[in-house]
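Comments concern the structure below.
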Amino acid sequence: MDKRIHFFSQKEVIKNVPPEFLGIRGRQANEFAELKFPILPGFIIDTSLASKIDTKAVKKDISEMLRKTASLVGKGYGDPDNPMLLKVVVSTNLAISNYPALHNFGLAKPTIQGFVKWVGKDFAAHEVLFLIRGMLKIEERISELQANSKLQQEIGAQLKMLGRALGIHRPSNELDKGKPEEKPVAIDRSAEFYMDFYAKYFPKGFFDSAEEQLLLTLSEISKMFQMDDQNDNDTALLIAPMVYGNYGKDSCSGDYFSRNVVTGEKVLQGSFFRQKFNESDSAGQPINKMDPIHLKELQRIAWTLEDRFKEIRQIRFTVENGKLWLIEQRLVDQKSTQADIRLLLDLAKRKIIDNAAVIKSIDPLRLNEILHPVIDPESVMGLKGWKGGIAGAPGAALGRAYFSTDALLEALKTAQQKGEDTRFILVVESSFAEDVKAIEVSTGVLTAEGGYSAHASVVARQYGKVSLVALGMKIKGKTATLGNISFKEGDYITLQVPFYGESNVYLGTAKLIEPNPQESGLLDFVDLSKTFLKKFHVRCNADTPRDAALALSFGADGVGLCRTEHMFFQGDRINVFREMLLSTDSKDRAKALTKLQVMQRDDFYGILKVMAGKEVTIRLLDSPLHEFMPHNDDEIQNLINHMQTVKGVKISRAEILASVDALHEFNPMLGHRGCRIAVSYPEIYAMQVKAIFEAAYKLRAEKIDARPEIMIPIVMSASELKLIAYGKKIEGKSYAGIVDIEEELRTAKKAGPVDYKIGTMIELPAAALSAGEIAKYGRFFSFGTNDLTQTTLGISRDDFTAFMPDYTLFDLIVGNPFSTLDTRVKELIAIAAERGRLTRPDLICGLCGEHGANPANVRFCMDAGLDYVSCSPYSVPIALLAVAQAEVERATGS
């Protein structure tokens, strides 16, 4: 026996042969033999022989290999009654091979009728055509290498016709009617006809006998290898039998996944097809209804492959006359993140992989998929839709569309009263602070302006809603138009916003698959991620106890940003705040502030209680005051009614509009907001500070560890922070700082001291550059990177999408600076952290902008020496995984 020819089977493994001699497919077959899988037996002509085969010299050895192979499959090669057919696999050592698939060798004139007896005339003819097509490709390649362009073109034309002729095995098919030269060569559907017609393209005697056919084939392939410079004696040949799911009564074919590719449940998913060669045009049965003996073996194969490859695998098999054979296995492209996570956790539990491998195997951004609903693809078939837009917050949502906050809230109220569907989507040109309450109760928001960092997108991510920016959407009256589709207020629409790929707006309702963090394995995955965290941690942006509790369940270590202005927009509060703004004397203003203080105290109490033992950073009022005033006729009338009913004060529309005009600013982002409001209206911040400490004292009395951090926004100099934190006295005037207010309140309440910190948000270049001075008066910095990006680059996050395509076209800007931190913004952060810690070595630094959930930004923050990032609750798992992966990389260097 030639030592360069190697037999393999389920019970016989190739040994003492360098792996590269077998090629990739040969090595895989041998590995499966080692695993005792029910692989089809066969033999490999290794790389040292494949390109120089002397058929006379190896004829005897080939015959012996065929005899051993046939004895295991119960057929005979060349047997006229029960012929064994072969496939010849070109097994290179390259991951990508351009060589054709070669099947059905052994179909010759002496064997074809025996094959017809088992599978039928048309199927037999089809398989002969497959054999011919594969060999024609070999001959085409040889003619190309020989520079015989005439023969190459002729064979190419025949291959084109073969592609049409391959359908004739179906009795109901009729040959296409076309130009004479495009017609298949015959309408006689017999396999023998095709053999006779195409014989001229192959070596003489190709169809005369099965044995001669194989030897001629090996000779032709070897000749091709010799002529092909790309081969370079680095290719083996694998020869193995073919089996068929329609070959006898106790036969079937099937295709299945090693586990459910959507849920990740460790149950086989797929189908099998009785007496069918494959699943084409066939109604299959669930794989788990297979014969118990075969099913048990299929499970063993599937789960052994999972353990070996550390991923979900897809497997094809055939049962021929009662014998199960593994045909093929491969990786799975279309699978859910949930399925991958459950597999990885299962592998780690059984010590197949370590925990670090679990962490490294999932792209953090893929977690978006299991944090939000997804659409069942079958449910949108037939729905009209529009494709495109900018993803603001990923997921899927459906509901009735309403074109204003007031209209949506009124529809929600009516639906609740009548027990109707309460799913709504806010559809507006752009959103503002007063729209937060509508976004909070909606399933999603569709806007015509903005981008990833626009107000609607940011708020949607905060509340776990879906957001899509559809540039070009027009809203006229009660109708919205988007491309070729339009819908009216009250119509159902469905939003599909994947993290990767194009978004869709569908008319009508689709079926949603809701996320389940517990069943998906997400919470276990989060817990595992946190075991890798060291000093650096992840906080959340949370404005309500519900948000805080959700983020805590997702692994958040405290609150990095509580935006107090959002609390004032709730239905029972906004008019109280407006009442305060409309007050003409200090007494009325004080009464309104007292009401707000109780509301704020309860808010802070709830958040601090949820985050017991963890820091909660509370940003004092940041929004400019004009945002709280009425913006439309309905809101104005609502305020008039409130003032009349609650205050007993008559106020006219003109007076309200005069107050709105008085608060109007031309550039509010850089206007009277944040700490500047505190300087002009110290009573507003004083109310908030009192509410914070009242909540903290109450929790302390309940033996709950409350850790408030009070953050002053939009500071541009150390003197601003010093004033608001520690107060100031000048001739005839005094300003009570946070320290003064706390001390006075603690004395009045006879309460014990509470551990708290005062700090600031660094969101202006001036603040970053003067961080050394600012750190004298603040114990922590929180980098507000949305505004820091805007003020550094001079770009509005709400408007930059209008010119972004042009800038991208000419490479004037790289990426989205409101998603990935700009290098100059990074430099300011690094400078501020370094200068701040030169003044105060124990300074705590964090990042609380929407950038905090981007893995690339997380890595920068860690490298820059920050202590944490803070992001929306639904982004916490993403940031945690990014931190864990960075820590693993630091520890292993890879």
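Quick note on naming: the chains in the structure tokens go A, B, ... in the order shown, residues restart at 1 in each chain, and ligands are numbered from 1 in order of appearance.
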
Which of range 520-698 of chain A DSSP labels helix (DSSP H, G or I), written as a ChimeraX atom specification: /A:522-530,545-553,564-567,574-582,586-610,625-628,633-647,653-663,668-670,675-680,682-698

All strand (DSSP E) residues (DSSP, backbone) inside range 714-769 of chain A, as a PyMOL selection string: chain A and resi 728-730+733-735+757-762

File dump, residues just selected, N, CA and C atoms, as a short mmCIF file (atom, residue, chain, number, x, y, z; two decimals), in the first residue's frame:
```
data_model
loop_
_atom_site.label_atom_id
_atom_site.label_comp_id
_atom_site.auth_asym_id
_atom_site.auth_seq_id
_atom_site.Cartn_x
_atom_site.Cartn_y
_atom_site.Cartn_z
N LYS A 728 -20.90 83.26 50.17
CA LYS A 728 -20.07 84.47 50.18
C LYS A 728 -20.83 85.60 50.86
N LYS A 729 -20.10 86.42 51.54
CA LYS A 729 -20.69 87.60 52.17
C LYS A 729 -19.99 88.83 51.65
N ILE A 730 -20.80 89.75 51.17
CA ILE A 730 -20.28 91.05 50.76
C ILE A 730 -21.10 92.10 51.47
N LYS A 733 -24.96 92.12 51.52
CA LYS A 733 -25.49 90.97 50.78
C LYS A 733 -24.75 89.71 51.19
N SER A 734 -25.48 88.60 51.27
CA SER A 734 -24.82 87.32 51.54
C SER A 734 -25.43 86.25 50.64
N TYR A 735 -24.61 85.25 50.34
CA TYR A 735 -25.05 84.13 49.51
C TYR A 735 -24.81 82.86 50.32
N LYS A 757 -20.59 64.78 49.13
CA LYS A 757 -19.52 65.45 48.38
C LYS A 757 -20.13 66.54 47.52
N ILE A 758 -19.34 67.56 47.28
CA ILE A 758 -19.69 68.61 46.34
C ILE A 758 -18.69 68.54 45.19
N GLY A 759 -19.20 68.60 43.98
CA GLY A 759 -18.32 68.55 42.81
C GLY A 759 -18.93 69.30 41.67
N THR A 760 -18.36 69.14 40.51
CA THR A 760 -18.84 69.89 39.36
C THR A 760 -18.77 69.07 38.09
N MET A 761 -19.54 69.51 37.13
CA MET A 761 -19.51 68.91 35.80
C MET A 761 -18.56 69.74 34.94
N ILE A 762 -17.58 69.06 34.37
CA ILE A 762 -16.63 69.73 33.47
C ILE A 762 -17.18 69.56 32.06
#
```

Non-local contacts of Glu440 in chain A (10 Å; only C-alpha atoms; under 3 positions in same chain excluded) as a list in words: Asp435, Val436, Lys437, Thr443, Gly444, Val445, Val459, Ala460, Gln462, Tyr463, Gly464 and Lys465 of chain A

Who sits within 6 Å of range 344-347 of chain A, only C-alpha atoms, same chain under 5 positions skipped, as a PyMOL selection string: chain A and resi 352-353+358

Taking N, CA, C and O atoms for each residue, export the selection above as an mmCIF file, in the first residue's frame.
```
data_model
loop_
_atom_site.group_PDB
_atom_site.id
_atom_site.type_symbol
_atom_site.label_atom_id
_atom_site.label_comp_id
_atom_site.auth_asym_id
_atom_site.auth_seq_id
_atom_site.Cartn_x
_atom_site.Cartn_y
_atom_site.Cartn_z
ATOM 1 N N ILE A 352 -15.312 23.982 30.254
ATOM 2 C CA ILE A 352 -14.790 23.799 28.904
ATOM 3 C C ILE A 352 -13.960 25.024 28.510
ATOM 4 O O ILE A 352 -12.946 24.919 27.812
ATOM 5 N N ILE A 353 -14.406 26.183 28.929
ATOM 6 C CA ILE A 353 -13.654 27.424 28.744
ATOM 7 C C ILE A 353 -13.604 28.146 30.084
ATOM 8 O O ILE A 353 -14.387 27.863 30.990
ATOM 9 N N VAL A 358 -15.230 33.670 28.073
ATOM 10 C CA VAL A 358 -16.626 34.092 27.945
ATOM 11 C C VAL A 358 -16.684 35.595 27.694
ATOM 12 O O VAL A 358 -17.381 36.063 26.781
#
```

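Between Ala751 in chain A and the candidates A:Val715, A:Leu639, A:Leu821, A:Ala701, the tightest atom-to-atom separation, counting only C-alpha atoms, involves A:Ala701.
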
Each residue of range 208-296 of chain A lying at most 10 Å from range 63-70 of chain A should get a row with its shortest atom-to-atom pair and the distance in Å to one decimal, counting only C-alpha atoms; could you produce that, ordered by chain and increasing number, as a tab-separated table?
```
residue	atom	partner	partner_atom	distance
A:Glu211	CA	A:Ser63	CA	8.1
A:Ile239	CA	A:Leu66	CA	9.2
A:Ala240	CA	A:Thr69	CA	7.8
A:Pro241	CA	A:Thr69	CA	7.6
```

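When only C-alpha atoms are used to compute distances to Leu214 in chain A, the closest of the residues A:Val128, A:Leu86, A:Ala768, A:Leu166 turns out to be A:Leu86.
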
Who sits within 12 Å of Ala101 in chain A, only C-alpha atoms, same chain under 3 positions skipped, as a PyMOL selection string: chain A and resi 86-91+97-98+104-105+130-138+237-239

Separation of CA of Asn816 in chain A from CA of Arg797 in chain A, in Å and rounded to one decimal: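 Calculated distance between CA of Asn816 in chain A and CA of Arg797 in chain A is 9.8 Å.
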
Between CA of Ala480 in chain A and CA of Val427 in chain A, distance in Å (one decimal):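 Rounded to one decimal, the two atoms are 8.4 Å apart.
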